[in-house]
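Reproduced below: coords.cif, with mmCIF, C-alpha atoms.
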data_coords
#
loop_
_atom_site.label_atom_id
_atom_site.label_comp_id
_atom_site.auth_asym_id
_atom_site.auth_seq_id
_atom_site.Cartn_x
_atom_site.Cartn_y
_atom_site.Cartn_z
CA MET X 8 -18.68 0.81 -36.72
CA ALA X 9 -16.15 -0.14 -34.08
CA GLU X 10 -16.69 -3.26 -32.05
CA ALA X 11 -18.07 -2.77 -28.54
CA PHE X 12 -16.64 -4.25 -25.35
CA ASN X 13 -17.40 -4.12 -21.63
CA PHE X 14 -15.84 -1.38 -19.63
CA GLU X 15 -16.02 -1.03 -15.85
CA LEU X 16 -14.76 1.82 -13.73
CA VAL X 17 -14.71 0.97 -10.03
CA SER X 18 -13.55 2.95 -7.04
CA PRO X 19 -13.40 1.46 -3.53
CA GLU X 20 -16.62 3.25 -2.72
CA ARG X 21 -18.75 2.41 -5.71
CA LEU X 22 -19.10 1.12 -9.23
CA LEU X 23 -19.15 4.19 -11.46
CA VAL X 24 -19.50 2.78 -14.94
CA SER X 25 -20.38 -0.63 -16.28
CA GLU X 26 -21.29 -0.31 -19.91
CA LYS X 27 -20.66 -1.32 -23.50
CA VAL X 28 -18.11 1.02 -25.00
CA THR X 29 -16.15 1.22 -28.22
CA GLU X 30 -13.09 3.10 -27.06
CA VAL X 31 -11.46 4.07 -23.79
CA VAL X 32 -8.46 6.34 -23.28
CA ILE X 33 -6.62 5.70 -20.00
CA PRO X 34 -3.75 7.67 -18.50
CA ALA X 35 -1.32 4.77 -17.96
CA THR X 36 1.87 5.40 -16.04
CA LEU X 37 3.98 4.99 -19.16
CA GLY X 38 1.82 7.29 -21.23
CA GLU X 39 -1.76 7.51 -22.39
CA MET X 40 -3.17 4.48 -24.10
CA THR X 41 -6.33 3.87 -26.07
CA VAL X 42 -8.07 0.58 -25.52
CA LEU X 43 -10.22 -0.89 -28.28
CA ALA X 44 -11.97 -4.24 -28.41
CA ASN X 45 -9.76 -7.35 -28.58
CA HIS X 46 -6.82 -5.66 -26.89
CA ALA X 47 -4.08 -8.01 -25.74
CA PRO X 48 -4.34 -8.89 -22.03
CA THR X 49 -2.52 -6.11 -20.24
CA MET X 50 -2.13 -4.97 -16.68
CA THR X 51 -1.01 -1.42 -16.11
CA THR X 52 -0.89 1.11 -13.35
CA ILE X 53 -2.46 4.49 -13.99
CA LYS X 54 -1.55 7.98 -12.93
CA PRO X 55 -3.90 10.82 -12.03
CA GLY X 56 -5.58 11.97 -15.20
CA VAL X 57 -8.67 11.98 -17.34
CA VAL X 58 -10.29 8.80 -18.57
CA SER X 59 -12.35 9.35 -21.65
CA VAL X 60 -14.97 6.76 -22.46
CA LYS X 61 -16.73 6.50 -25.80
CA LEU X 62 -20.02 4.70 -25.38
CA ALA X 63 -21.48 2.39 -27.99
CA SER X 64 -23.99 5.15 -28.75
CA GLY X 65 -21.15 7.48 -29.68
CA GLN X 66 -21.48 9.66 -26.60
CA VAL X 67 -18.20 10.54 -24.85
CA ASN X 68 -18.00 10.69 -21.06
CA LYS X 69 -15.01 11.92 -19.14
CA TYR X 70 -13.93 10.88 -15.65
CA VAL X 71 -11.11 12.09 -13.49
CA VAL X 72 -9.18 9.35 -11.69
CA PHE X 73 -6.47 9.57 -9.06
CA GLY X 74 -4.17 6.63 -9.52
CA GLY X 75 -5.01 2.96 -9.57
CA PHE X 76 -4.59 0.24 -12.15
CA ALA X 77 -6.29 -1.22 -15.19
CA ASP X 78 -6.91 -4.83 -16.06
CA ILE X 79 -7.39 -5.20 -19.80
CA LEU X 80 -8.65 -8.39 -21.46
CA PRO X 81 -9.74 -8.98 -25.06
CA THR X 82 -13.33 -9.12 -23.86
CA GLY X 83 -13.33 -6.15 -21.56
CA CYS X 84 -11.50 -3.62 -19.51
CA THR X 85 -11.69 -3.02 -15.77
CA LEU X 86 -10.29 0.12 -14.27
CA LEU X 87 -9.73 0.06 -10.51
CA ALA X 88 -9.25 3.66 -9.48
CA GLU X 89 -8.23 4.75 -6.02
CA SER X 90 -10.82 7.45 -6.37
CA ALA X 91 -12.79 8.59 -9.38
CA VAL X 92 -15.32 11.30 -10.17
CA PRO X 93 -17.13 12.34 -13.33
CA ALA X 94 -15.16 15.24 -14.80
CA SER X 95 -18.19 17.53 -14.60
CA GLU X 96 -18.40 17.06 -10.82
CA LEU X 97 -14.78 17.82 -10.12
CA THR X 98 -14.31 21.26 -8.67
CA HIS X 99 -11.25 23.37 -8.38
CA ALA X 100 -11.47 23.25 -4.58
CA THR X 101 -11.27 19.46 -4.22
CA LEU X 102 -8.29 19.29 -6.52
CA GLN X 103 -6.59 22.09 -4.68
CA LYS X 104 -7.16 20.25 -1.41
CA ARG X 105 -5.52 17.13 -2.79
CA ILE X 106 -2.55 19.14 -3.97
CA GLU X 107 -2.18 20.62 -0.53
CA THR X 108 -2.33 17.27 1.26
CA THR X 109 0.27 15.85 -1.08
CA GLN X 110 2.43 18.87 -0.47
CA ALA X 111 2.13 18.32 3.27
CA GLU X 112 2.99 14.66 2.83
CA ILE X 113 6.15 15.57 0.93
CA ASN X 114 7.29 17.66 3.84
CA HIS X 115 6.84 14.69 6.14
CA ALA X 116 8.25 12.05 3.82
CA GLN X 117 11.24 10.27 5.28
CA SER X 118 12.91 8.35 2.48
CA ASP X 119 14.03 10.06 -0.69
CA GLU X 120 12.38 7.39 -2.75
CA HIS X 121 9.02 8.08 -1.18
CA LYS X 122 9.58 11.78 -1.68
CA THR X 123 10.32 11.40 -5.37
CA LYS X 124 7.17 9.37 -5.81
CA LEU X 125 5.08 12.00 -4.07
CA GLU X 126 6.66 14.79 -6.04
CA GLN X 127 5.81 12.99 -9.23
CA PHE X 128 2.26 12.58 -8.02
CA LEU X 129 2.11 16.27 -7.22
CA ALA X 130 3.37 17.21 -10.67
CA GLU X 131 0.67 15.09 -12.24
CA LEU X 132 -1.98 16.64 -10.04
CA THR X 133 -0.84 20.12 -10.90
CA HIS X 134 -0.88 19.25 -14.57
CA LEU X 135 -4.38 17.85 -14.16
CA ASN X 136 -5.41 21.05 -12.47
CA GLY X 137 -4.32 22.97 -15.53
CA VAL X 138 -6.23 20.67 -17.87
CA VAL X 139 -9.51 20.57 -15.98
CA ASN X 140 -9.58 24.15 -14.79
CA PRO X 141 -8.03 26.35 -17.41
CA ALA X 142 -7.35 29.55 -15.54
CA MET B 690 -45.77 -3.66 48.39
CA PRO B 691 -45.43 -0.59 46.18
CA SER B 692 -48.28 1.88 46.42
CA LEU B 693 -50.62 2.71 43.56
CA LYS B 694 -48.77 5.93 42.89
CA ASP B 695 -45.40 4.16 42.74
CA LEU B 696 -46.74 1.67 40.24
CA LYS B 697 -48.16 4.45 38.11
CA ASN B 698 -44.81 6.22 38.05
CA ARG B 699 -42.99 3.05 37.12
CA ILE B 700 -45.34 2.32 34.27
CA ALA B 701 -44.79 5.84 32.96
CA SER B 702 -41.02 5.49 33.12
CA VAL B 703 -40.97 2.10 31.39
CA LYS B 704 -43.19 3.55 28.70
CA ALA B 705 -40.73 6.37 28.15
CA THR B 706 -37.87 3.86 27.90
CA GLN B 707 -39.83 1.84 25.40
CA LYS B 708 -40.34 4.90 23.26
CA ILE B 709 -36.61 5.55 23.22
CA THR B 710 -35.63 1.99 22.34
CA LYS B 711 -38.26 1.94 19.63
CA ALA B 712 -36.90 5.13 18.12
CA MET B 713 -33.34 3.78 18.31
CA LYS B 714 -34.44 0.64 16.52
CA MET B 715 -35.95 2.66 13.69
CA VAL B 716 -32.84 4.80 13.38
CA ALA B 717 -30.60 1.71 13.37
CA ALA B 718 -32.77 0.12 10.69
CA ALA B 719 -32.47 3.16 8.44
CA LYS B 720 -28.73 3.40 8.98
CA LEU B 721 -28.32 -0.33 8.49
CA ARG B 722 -29.79 -0.09 5.03
CA ARG B 723 -27.35 2.62 4.09
CA ALA B 724 -24.39 0.78 5.62
CA GLN B 725 -25.37 -2.37 3.77
CA GLU B 726 -25.55 -0.49 0.48
CA ALA B 727 -22.11 0.96 1.09
CA ALA B 728 -20.71 -2.48 1.88
CA GLU B 729 -22.23 -3.87 -1.31
CA ALA B 730 -20.93 -0.98 -3.42
CA ALA B 731 -17.40 -1.66 -2.18
CA ARG B 732 -17.54 -5.32 -3.05
CA PRO B 733 -16.67 -5.24 -6.79
CA TYR B 734 -13.45 -3.33 -6.15
CA ALA B 735 -12.28 -5.63 -3.38
CA GLU B 736 -13.15 -8.73 -5.37
CA ARG B 737 -11.30 -7.65 -8.50
CA MET B 738 -8.35 -6.53 -6.42
CA THR B 739 -8.11 -9.94 -4.77
CA LYS B 740 -8.41 -11.70 -8.11
CA VAL B 741 -5.67 -9.68 -9.74
CA LEU B 742 -3.39 -9.98 -6.73
CA ALA B 743 -3.98 -13.70 -6.40
CA GLY B 744 -2.82 -14.17 -9.98
CA LEU B 745 0.20 -11.94 -9.50
CA SER B 746 1.24 -13.54 -6.24
CA ALA B 747 0.92 -17.03 -7.67
CA ALA B 748 3.27 -16.01 -10.45
CA ASN B 749 5.68 -14.59 -7.90
CA ALA B 750 5.40 -17.39 -5.36
CA GLY B 751 8.89 -18.78 -5.83
CA ASN B 752 10.52 -15.39 -6.23
CA ALA B 753 12.97 -14.69 -3.42
CA GLU B 754 12.86 -10.99 -4.15
CA ALA B 755 9.09 -10.72 -3.83
CA PRO B 756 7.96 -7.73 -1.79
CA LEU B 757 7.93 -8.21 1.97
CA LEU B 758 4.19 -7.58 2.13
CA LEU B 759 3.67 -10.77 0.17
CA SER B 760 6.36 -13.07 1.48
CA GLY B 761 6.44 -11.80 5.05
CA THR B 762 9.52 -11.15 7.13
CA GLY B 763 10.08 -14.87 7.62
CA LYS B 764 9.48 -14.57 11.35
CA ASP B 765 6.38 -14.67 13.48
CA GLN B 766 7.67 -13.16 16.67
CA VAL B 767 5.79 -9.87 16.79
CA HIS B 768 2.08 -9.86 16.08
CA LEU B 769 -0.01 -6.80 15.37
CA LEU B 770 -3.72 -7.03 16.12
CA ILE B 771 -5.95 -4.46 14.50
CA VAL B 772 -9.18 -4.51 16.45
CA ALA B 773 -12.09 -2.72 14.81
CA THR B 774 -15.11 -2.12 17.03
CA GLY B 775 -17.99 0.33 17.20
CA GLU B 776 -17.90 3.87 18.48
CA ARG B 777 -20.94 3.35 20.65
CA GLY B 778 -22.48 0.69 22.80
CA LEU B 779 -26.13 -0.34 23.06
CA ALA B 780 -25.66 -2.92 20.36
CA GLY B 781 -26.03 -6.20 22.20
CA GLY B 782 -23.01 -8.46 22.02
CA PHE B 783 -21.47 -6.69 19.04
CA ASN B 784 -18.47 -5.04 20.67
CA SER B 785 -17.89 -7.68 23.30
CA SER B 786 -17.78 -10.55 20.82
CA ILE B 787 -15.07 -8.85 18.75
CA ILE B 788 -13.12 -7.94 21.84
CA ARG B 789 -13.41 -11.43 23.27
CA LEU B 790 -12.03 -12.94 20.09
CA ALA B 791 -9.15 -10.45 20.00
CA ARG B 792 -8.38 -10.94 23.68
CA ASP B 793 -8.32 -14.74 23.42
CA HIS B 794 -6.02 -14.46 20.43
CA ALA B 795 -3.72 -12.03 22.23
CA LEU B 796 -3.56 -14.17 25.37
CA LYS B 797 -2.78 -17.26 23.32
CA LEU B 798 0.07 -15.46 21.58
CA LEU B 799 1.41 -14.10 24.84
CA ALA B 800 1.35 -17.59 26.33
CA GLN B 801 3.50 -18.74 23.41
CA GLY B 802 6.02 -16.09 24.28
CA LYS B 803 5.25 -13.83 21.30
CA THR B 804 5.10 -10.09 21.44
CA VAL B 805 1.68 -8.57 20.86
CA LYS B 806 0.96 -5.06 19.64
CA ILE B 807 -2.53 -3.71 19.28
CA ILE B 808 -4.09 -0.96 17.22
CA THR B 809 -7.67 -0.24 18.18
CA VAL B 810 -10.11 1.30 15.76
CA GLY B 811 -13.21 2.59 17.48
CA ARG B 812 -13.72 3.95 20.95
CA LYS B 813 -15.41 0.96 22.58
CA GLY B 814 -12.64 -1.48 21.82
CA ASN B 815 -10.04 0.94 23.05
CA ASP B 816 -11.85 1.51 26.36
CA ILE B 817 -12.12 -2.16 27.16
CA LEU B 818 -8.80 -3.47 25.82
CA ARG B 819 -6.95 -0.69 27.59
CA ARG B 820 -7.81 -2.33 30.91
CA THR B 821 -6.02 -5.59 30.14
CA PHE B 822 -3.47 -4.66 27.51
CA LYS B 823 -2.52 -1.14 28.45
CA ASP B 824 1.12 -1.57 27.46
CA ASN B 825 0.38 -3.42 24.23
CA ILE B 826 -1.73 -0.75 22.57
CA VAL B 827 0.46 1.17 20.16
CA ASP B 828 -2.14 3.29 18.44
CA TYR B 829 -5.78 4.26 18.60
CA VAL B 830 -7.97 5.52 15.78
CA THR B 831 -11.46 6.85 16.21
CA PHE B 832 -14.02 7.85 13.61
CA ARG B 833 -16.35 9.45 16.05
CA GLU B 834 -16.61 12.70 14.20
CA ILE B 835 -17.13 11.08 10.84
CA LYS B 836 -20.64 10.54 9.59
CA GLN B 837 -19.99 8.61 6.41
CA LEU B 838 -17.11 6.13 6.35
CA GLY B 839 -14.99 6.70 3.28
CA PHE B 840 -11.96 5.11 1.76
CA ALA B 841 -9.86 7.97 3.14
CA GLN B 842 -10.41 6.70 6.69
CA ALA B 843 -9.35 3.18 5.79
CA ASP B 844 -6.35 4.62 4.03
CA GLU B 845 -5.39 6.47 7.19
CA VAL B 846 -5.38 3.25 9.20
CA ALA B 847 -3.51 1.44 6.42
CA HIS B 848 -0.88 4.17 6.41
CA LYS B 849 -0.22 3.67 10.10
CA VAL B 850 -0.03 -0.09 9.72
CA LEU B 851 2.31 0.09 6.73
CA ALA B 852 4.57 2.61 8.43
CA LEU B 853 4.95 0.22 11.36
CA TYR B 854 5.59 -2.68 9.03
CA ASN B 855 8.21 -0.83 7.04
CA ALA B 856 9.93 0.12 10.27
CA GLY B 857 10.09 -3.58 11.14
CA GLU B 858 7.82 -3.18 14.13
CA PHE B 859 5.86 -6.37 13.54
CA ASP B 860 5.85 -9.56 11.45
CA ILE B 861 2.23 -10.57 11.14
CA ALA B 862 -0.89 -8.41 11.16
CA THR B 863 -4.36 -9.73 11.88
CA LEU B 864 -7.55 -7.78 11.53
CA PHE B 865 -10.49 -8.33 13.88
CA TYR B 866 -14.00 -7.28 12.89
CA ALA B 867 -17.55 -8.55 12.72
CA ARG B 868 -18.57 -10.06 9.42
CA PHE B 869 -22.09 -9.16 8.45
CA GLN B 870 -24.12 -12.28 7.77
CA SER B 871 -27.61 -11.04 8.30
CA VAL B 872 -29.47 -8.60 10.49
CA ILE B 873 -29.63 -11.10 13.31
CA SER B 874 -26.24 -12.72 12.90
CA GLN B 875 -22.84 -11.06 12.86
CA VAL B 876 -19.76 -13.20 13.21
CA ALA B 877 -16.62 -11.89 14.87
CA THR B 878 -13.82 -12.73 12.46
CA ALA B 879 -10.04 -12.62 12.43
CA SER B 880 -8.28 -12.32 9.10
CA GLN B 881 -4.60 -12.06 8.39
CA ILE B 882 -3.74 -9.12 6.13
CA ILE B 883 0.08 -9.05 6.30
CA PRO B 884 1.66 -11.07 4.77
CA ALA B 885 -1.13 -11.35 2.23
CA LYS B 886 -2.85 -14.70 1.89
CA PHE B 887 -4.92 -15.85 -1.05
CA ASP B 888 -7.12 -18.77 -1.90
CA ALA B 889 -5.49 -21.30 -4.17
CA THR B 890 -8.62 -21.55 -6.31
CA GLN B 891 -8.73 -17.82 -6.97
CA ALA B 892 -5.11 -17.88 -8.00
CA ALA B 893 -5.71 -20.72 -10.43
CA ASP B 894 -8.56 -18.77 -12.01
CA ALA B 895 -6.66 -15.59 -12.51
CA SER B 896 -3.30 -16.89 -13.62
CA SER B 897 -4.73 -18.66 -16.66
CA ALA B 898 -4.62 -15.43 -18.68
CA LEU B 899 -1.28 -14.38 -20.09
CA TYR B 900 -0.76 -10.75 -19.28
CA GLU B 901 1.49 -8.06 -20.53
CA TYR B 902 2.63 -5.91 -17.65
CA GLU B 903 3.22 -2.22 -17.84
CA PRO B 904 5.56 -1.25 -16.11
CA SER B 905 7.00 -4.54 -14.81
CA GLU B 906 5.19 -7.25 -12.89
CA GLU B 907 7.21 -6.54 -9.76
CA GLU B 908 6.49 -2.85 -9.85
CA ILE B 909 2.78 -3.40 -10.17
CA LEU B 910 2.87 -5.91 -7.34
CA GLU B 911 4.75 -3.46 -5.18
CA ASP B 912 2.19 -0.81 -5.96
CA LEU B 913 -0.80 -3.03 -5.38
CA LEU B 914 0.09 -4.74 -2.13
CA PRO B 915 -0.11 -1.62 0.04
CA LYS B 916 -3.36 -0.71 -1.70
CA ASN B 917 -4.68 -4.14 -0.93
CA VAL B 918 -4.06 -3.57 2.78
CA ALA B 919 -6.14 -0.39 2.61
CA VAL B 920 -8.87 -2.14 0.67
CA GLN B 921 -9.02 -5.02 3.15
CA ILE B 922 -9.29 -2.58 6.03
CA PHE B 923 -11.92 -0.55 4.21
CA ARG B 924 -13.96 -3.66 3.59
CA ALA B 925 -13.69 -4.71 7.21
CA LEU B 926 -14.75 -1.27 8.40
CA LEU B 927 -17.80 -1.27 6.17
CA GLU B 928 -18.79 -4.77 7.23
CA ASN B 929 -18.27 -3.74 10.80
CA ASN B 930 -20.47 -0.73 10.33
CA ALA B 931 -23.28 -2.79 8.85
CA SER B 932 -22.88 -5.39 11.60
CA PHE B 933 -23.02 -2.70 14.24
CA TYR B 934 -26.36 -1.37 13.06
CA GLY B 935 -27.67 -4.89 12.60
CA ALA B 936 -26.71 -5.75 16.16
CA GLN B 937 -28.11 -2.51 17.47
CA MET B 938 -31.36 -3.04 15.64
CA SER B 939 -31.94 -6.49 17.09
CA ALA B 940 -30.79 -5.39 20.55
CA MET B 941 -33.22 -2.50 20.50
CA ASP B 942 -35.98 -4.72 19.17
CA ASN B 943 -35.46 -7.03 22.13
CA ALA B 944 -35.40 -4.11 24.52
CA THR B 945 -38.66 -2.77 23.11
CA ARG B 946 -40.28 -6.16 23.51
CA ASN B 947 -39.01 -6.56 27.06
CA ALA B 948 -40.32 -3.13 27.94
CA GLY B 949 -43.70 -4.17 26.56
CA ASP B 950 -43.74 -7.28 28.78
CA MET B 951 -42.75 -5.17 31.75
CA ILE B 952 -45.58 -2.72 31.10
CA ASN B 953 -48.08 -5.55 30.89
CA LYS B 954 -46.92 -7.00 34.18
CA LEU B 955 -46.93 -3.66 35.94
CA THR B 956 -50.38 -2.76 34.57
CA LEU B 957 -51.71 -6.09 35.84
CA SER B 958 -50.50 -5.55 39.36
CA TYR B 959 -51.65 -1.93 39.23
CA ASN B 960 -55.19 -3.02 38.34
CA ARG B 961 -55.17 -5.78 40.96
CA GLN B 962 -54.19 -3.38 43.63
CA ARG B 963 -56.80 -0.85 42.56
CA GLN B 964 -59.44 -3.59 42.72
CA ALA B 965 -58.24 -4.64 46.14
CA GLN B 966 -58.47 -1.10 47.39
CA ILE B 967 -62.01 -0.65 46.07
CA THR B 968 -63.05 -3.93 47.68
CA LYS B 969 -61.46 -2.87 50.94
CA GLU B 970 -63.30 0.44 50.90
CA LEU B 971 -66.62 -1.30 50.15
CA ILE B 972 -66.10 -3.71 53.03
CA GLU B 973 -65.47 -0.79 55.32
CA ILE B 974 -68.64 0.98 54.22
CA ILE B 975 -70.80 -2.15 54.49
CA SER B 976 -69.47 -3.27 57.84
CA GLY B 977 -69.92 0.28 59.08
CA ALA B 978 -73.56 0.29 57.93
CA GLU B 979 -74.19 -3.14 59.47
CA ALA B 980 -72.84 -2.00 62.82
CA LEU B 981 -75.55 0.66 63.08
#

What's the structure tokens form of this structure?
Amino acid sequence: MAEAFNFELVSPERLLVSEKVTEVVIPATLGEMTVLANHAPTMTTIKPGVVSVKLASGQVNKYVVFGGFADILPTGCTLLAESAVPASELTHATLQKRIETTQAEINHAQSDEHKTKLEQFLAELTHLNGVVNPA
Amino acid sequence: MPSLKDLKNRIASVKATQKITKAMKMVAAAKLRRAQEAAEAARPYAERMTKVLAGLSAANAGNAEAPLLLSGTGKDQVHLLIVATGERGLAGGFNSSIIRLARDHALKLLAQGKTVKIITVGRKGNDILRRTFKDNIVDYVTFREIKQLGFAQADEVAHKVLALYNAGEFDIATLFYARFQSVISQVATASQIIPAKFDATQAADASSALYEYEPSEEEILEDLLPKNVAVQIFRALLENNASFYGAQMSAMDNATRNAGDMINKLTLSYNRQRQAQITKELIEIISGAEAL
């Protein structure tokens, strides 16, 4: 039996999860990482993707997050997402809308650097779209 | 002396007013509860964000290459005031207390020879500040059409602010809003959001842990600082919203009570006058009978 630790998923609007979990998979910017109990203190940014949370009871919940960062301590993990929804509540339409706004932002972006960042974001969103809504 | 009919009409009209203020009070109370819940739900995020940033900024304090959002431009010539007020009036001193604070601040800066730029959030603040600082207002945001304040709205304001900052349009940004203390007390507050300021105690707390950073510390800091601006604005907007309904509730409660007093007074004089008229009529009848 894996050791349990505290996991919190917060978005600016509300606290989504605050529970004892055994395993969390987060889409970090430098690649997906799995957090178990007693992880070394780490701070990482996250990209749009799916967070999968394994509760102490063994149940697995999935959440879709759109960027943010994670604060990992040996005793717990806090994920501050810019916006987050349970995967079951995410619809194709909301994702599509986000893709469109990002697209519009790219067209208005002034610096190349900003543009590259947005394009990266768009690529991740599109990828996410494929994962969550297999056509 | 108003006639009996006049008094009757006035009583009816005050009663109608009282009904309206009473209804507005109820509505404000219901909305206040929701606004308060929203403000509370947003708290954990803002608190953690501040904690993490405080630690990061303490570690980067001596760094000459720290992002501009943290270290500032090194000048304090151009000030940006972000004034968040309500969309509507009828909320007692809510709007005017925020505006007064912002105006005093702006006048003080102008007297020191600084340049002042203003962004107003909310219709009321814009209407009033436009009279005195017409040339200083650079932007105006309204959420009139929006029922439920979300992070997206705060982000929109933050985007505007950051775009101005990156273009070198100002050096220091201060946010004006009403902090929600309780239903009967809301405090107009000014807080500096750019460059970011943190409590020393919070920094000491957070920096005790040794972190691994992924990607680098600087990159995370650069990513987080703009987010922090949005979060601060979001928090202020939510507090403002709760304060607005709190102020409106107590203003409407007062109005309802005043209307009640008014009705009592009017009813008293109405009855007195009715009595006087009856007495007068009786006197006429009796003196008429006696004359026979």

### Summary
note - CA of Ile807 (chain B) and CA of Asp828 (chain B) are separated by 7.1 Å

### Message
Using all atoms listed in the file and a distance of at most 12 Å, pull out the residues of chain X that contact chain B, as a VMD selection string.
### Response
chain X and resid 15 to 25 35 to 40 46 to 54 74 to 82 84 to 91 105 112 116 to 118 121 124

### Task
Dump as number ranges by chain all residues having an atom at most 6 Å from (-16.4, 12.4, -18.1), computed in the file's coordinates with all atoms listed in the file.
X: 68-70, 93-94

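In this model, the gap between CA of Pro691 (chain B) and CA of Arg946 (chain B) comes to 23.9 Å.
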
#### Entry: Computed interatomic separation between CA of Gln881 (chain B) and CA of Gln921 (chain B) (Å)
9.8 Å

### Query
For this file, the PyMOL selection byres ((chain B and resi 784-797) around 9) selects which residues, as a ChimeraX atom specification?
/B:768,770-775,777-778,780-783,798-803,805-807,813-814,817-818,821-822,865-867,876-879,933

The selected residues should be written to file as a tab-separated table (two decimals), keeping the file's coordinate frame (atoms: C-alpha atoms).
chain	number	residue	atom	x	y	z
B	768	HIS	CA	2.08	-9.86	16.08
B	770	LEU	CA	-3.72	-7.03	16.12
B	771	ILE	CA	-5.95	-4.46	14.50
B	772	VAL	CA	-9.18	-4.51	16.45
B	773	ALA	CA	-12.09	-2.72	14.81
B	774	THR	CA	-15.11	-2.12	17.03
B	775	GLY	CA	-17.99	0.33	17.20
B	777	ARG	CA	-20.94	3.35	20.65
B	778	GLY	CA	-22.48	0.69	22.80
B	780	ALA	CA	-25.66	-2.92	20.36
B	781	GLY	CA	-26.03	-6.20	22.20
B	782	GLY	CA	-23.01	-8.46	22.02
B	783	PHE	CA	-21.47	-6.69	19.04
B	798	LEU	CA	0.07	-15.46	21.58
B	799	LEU	CA	1.41	-14.10	24.84
B	800	ALA	CA	1.35	-17.59	26.33
B	801	GLN	CA	3.50	-18.74	23.41
B	802	GLY	CA	6.02	-16.09	24.28
B	803	LYS	CA	5.25	-13.83	21.30
B	805	VAL	CA	1.68	-8.57	20.86
B	806	LYS	CA	0.96	-5.06	19.64
B	807	ILE	CA	-2.53	-3.71	19.28
B	813	LYS	CA	-15.41	0.96	22.58
B	814	GLY	CA	-12.64	-1.48	21.82
B	817	ILE	CA	-12.12	-2.16	27.16
B	818	LEU	CA	-8.80	-3.47	25.82
B	821	THR	CA	-6.02	-5.59	30.14
B	822	PHE	CA	-3.47	-4.66	27.51
B	865	PHE	CA	-10.49	-8.33	13.88
B	866	TYR	CA	-14.00	-7.28	12.89
B	867	ALA	CA	-17.55	-8.55	12.72
B	876	VAL	CA	-19.76	-13.20	13.21
B	877	ALA	CA	-16.62	-11.89	14.87
B	878	THR	CA	-13.82	-12.73	12.46
B	879	ALA	CA	-10.04	-12.62	12.43
B	933	PHE	CA	-23.02	-2.70	14.24

Using all atoms of region 15-27 of chain X listed in the file and a margin of 6 Å per side, can you give the axis-aligned box centre and edge lengths in Å to one decimal, as lines of an AutoDock Vina configuration file?
center_x = -17.3
center_y = 1.4
center_z = -13.1
size_x = 19.9
size_y = 17.5
size_z = 32.8

#### Entry: Answer as a PyMOL selection string, residues within 12 Å of (1.2, -2.4, 15.0) using all atoms listed in the file
chain B and resi 767-772+804-810+825-829+846-864+883

Write the residues of the selection above to a file with C-alpha atoms, as a PDB file, in the frame of the given file.
ATOM      1  CA  VAL B 767       5.790  -9.870  16.790  1.00  0.00           C
ATOM      2  CA  HIS B 768       2.080  -9.860  16.080  1.00  0.00           C
ATOM      3  CA  LEU B 769      -0.010  -6.800  15.370  1.00  0.00           C
ATOM      4  CA  LEU B 770      -3.720  -7.030  16.120  1.00  0.00           C
ATOM      5  CA  ILE B 771      -5.950  -4.460  14.500  1.00  0.00           C
ATOM      6  CA  VAL B 772      -9.180  -4.510  16.450  1.00  0.00           C
ATOM      7  CA  THR B 804       5.100 -10.090  21.440  1.00  0.00           C
ATOM      8  CA  VAL B 805       1.680  -8.570  20.860  1.00  0.00           C
ATOM      9  CA  LYS B 806       0.960  -5.060  19.640  1.00  0.00           C
ATOM     10  CA  ILE B 807      -2.530  -3.710  19.280  1.00  0.00           C
ATOM     11  CA  ILE B 808      -4.090  -0.960  17.220  1.00  0.00           C
ATOM     12  CA  THR B 809      -7.670  -0.240  18.180  1.00  0.00           C
ATOM     13  CA  VAL B 810     -10.110   1.300  15.760  1.00  0.00           C
ATOM     14  CA  ASN B 825       0.380  -3.420  24.230  1.00  0.00           C
ATOM     15  CA  ILE B 826      -1.730  -0.750  22.570  1.00  0.00           C
ATOM     16  CA  VAL B 827       0.460   1.170  20.160  1.00  0.00           C
ATOM     17  CA  ASP B 828      -2.140   3.290  18.440  1.00  0.00           C
ATOM     18  CA  TYR B 829      -5.780   4.260  18.600  1.00  0.00           C
ATOM     19  CA  VAL B 846      -5.380   3.250   9.200  1.00  0.00           C
ATOM     20  CA  ALA B 847      -3.510   1.440   6.420  1.00  0.00           C
ATOM     21  CA  HIS B 848      -0.880   4.170   6.410  1.00  0.00           C
ATOM     22  CA  LYS B 849      -0.220   3.670  10.100  1.00  0.00           C
ATOM     23  CA  VAL B 850      -0.030  -0.090   9.720  1.00  0.00           C
ATOM     24  CA  LEU B 851       2.310   0.090   6.730  1.00  0.00           C
ATOM     25  CA  ALA B 852       4.570   2.610   8.430  1.00  0.00           C
ATOM     26  CA  LEU B 853       4.950   0.220  11.360  1.00  0.00           C
ATOM     27  CA  TYR B 854       5.590  -2.680   9.030  1.00  0.00           C
ATOM     28  CA  ASN B 855       8.210  -0.830   7.040  1.00  0.00           C
ATOM     29  CA  ALA B 856       9.930   0.120  10.270  1.00  0.00           C
ATOM     30  CA  GLY B 857      10.090  -3.580  11.140  1.00  0.00           C
ATOM     31  CA  GLU B 858       7.820  -3.180  14.130  1.00  0.00           C
ATOM     32  CA  PHE B 859       5.860  -6.370  13.540  1.00  0.00           C
ATOM     33  CA  ASP B 860       5.850  -9.560  11.450  1.00  0.00           C
ATOM     34  CA  ILE B 861       2.230 -10.570  11.140  1.00  0.00           C
ATOM     35  CA  ALA B 862      -0.890  -8.410  11.160  1.00  0.00           C
ATOM     36  CA  THR B 863      -4.360  -9.730  11.880  1.00  0.00           C
ATOM     37  CA  LEU B 864      -7.550  -7.780  11.530  1.00  0.00           C
ATOM     38  CA  ILE B 883       0.080  -9.050   6.300  1.00  0.00           C
TER      39      ILE B 883
END
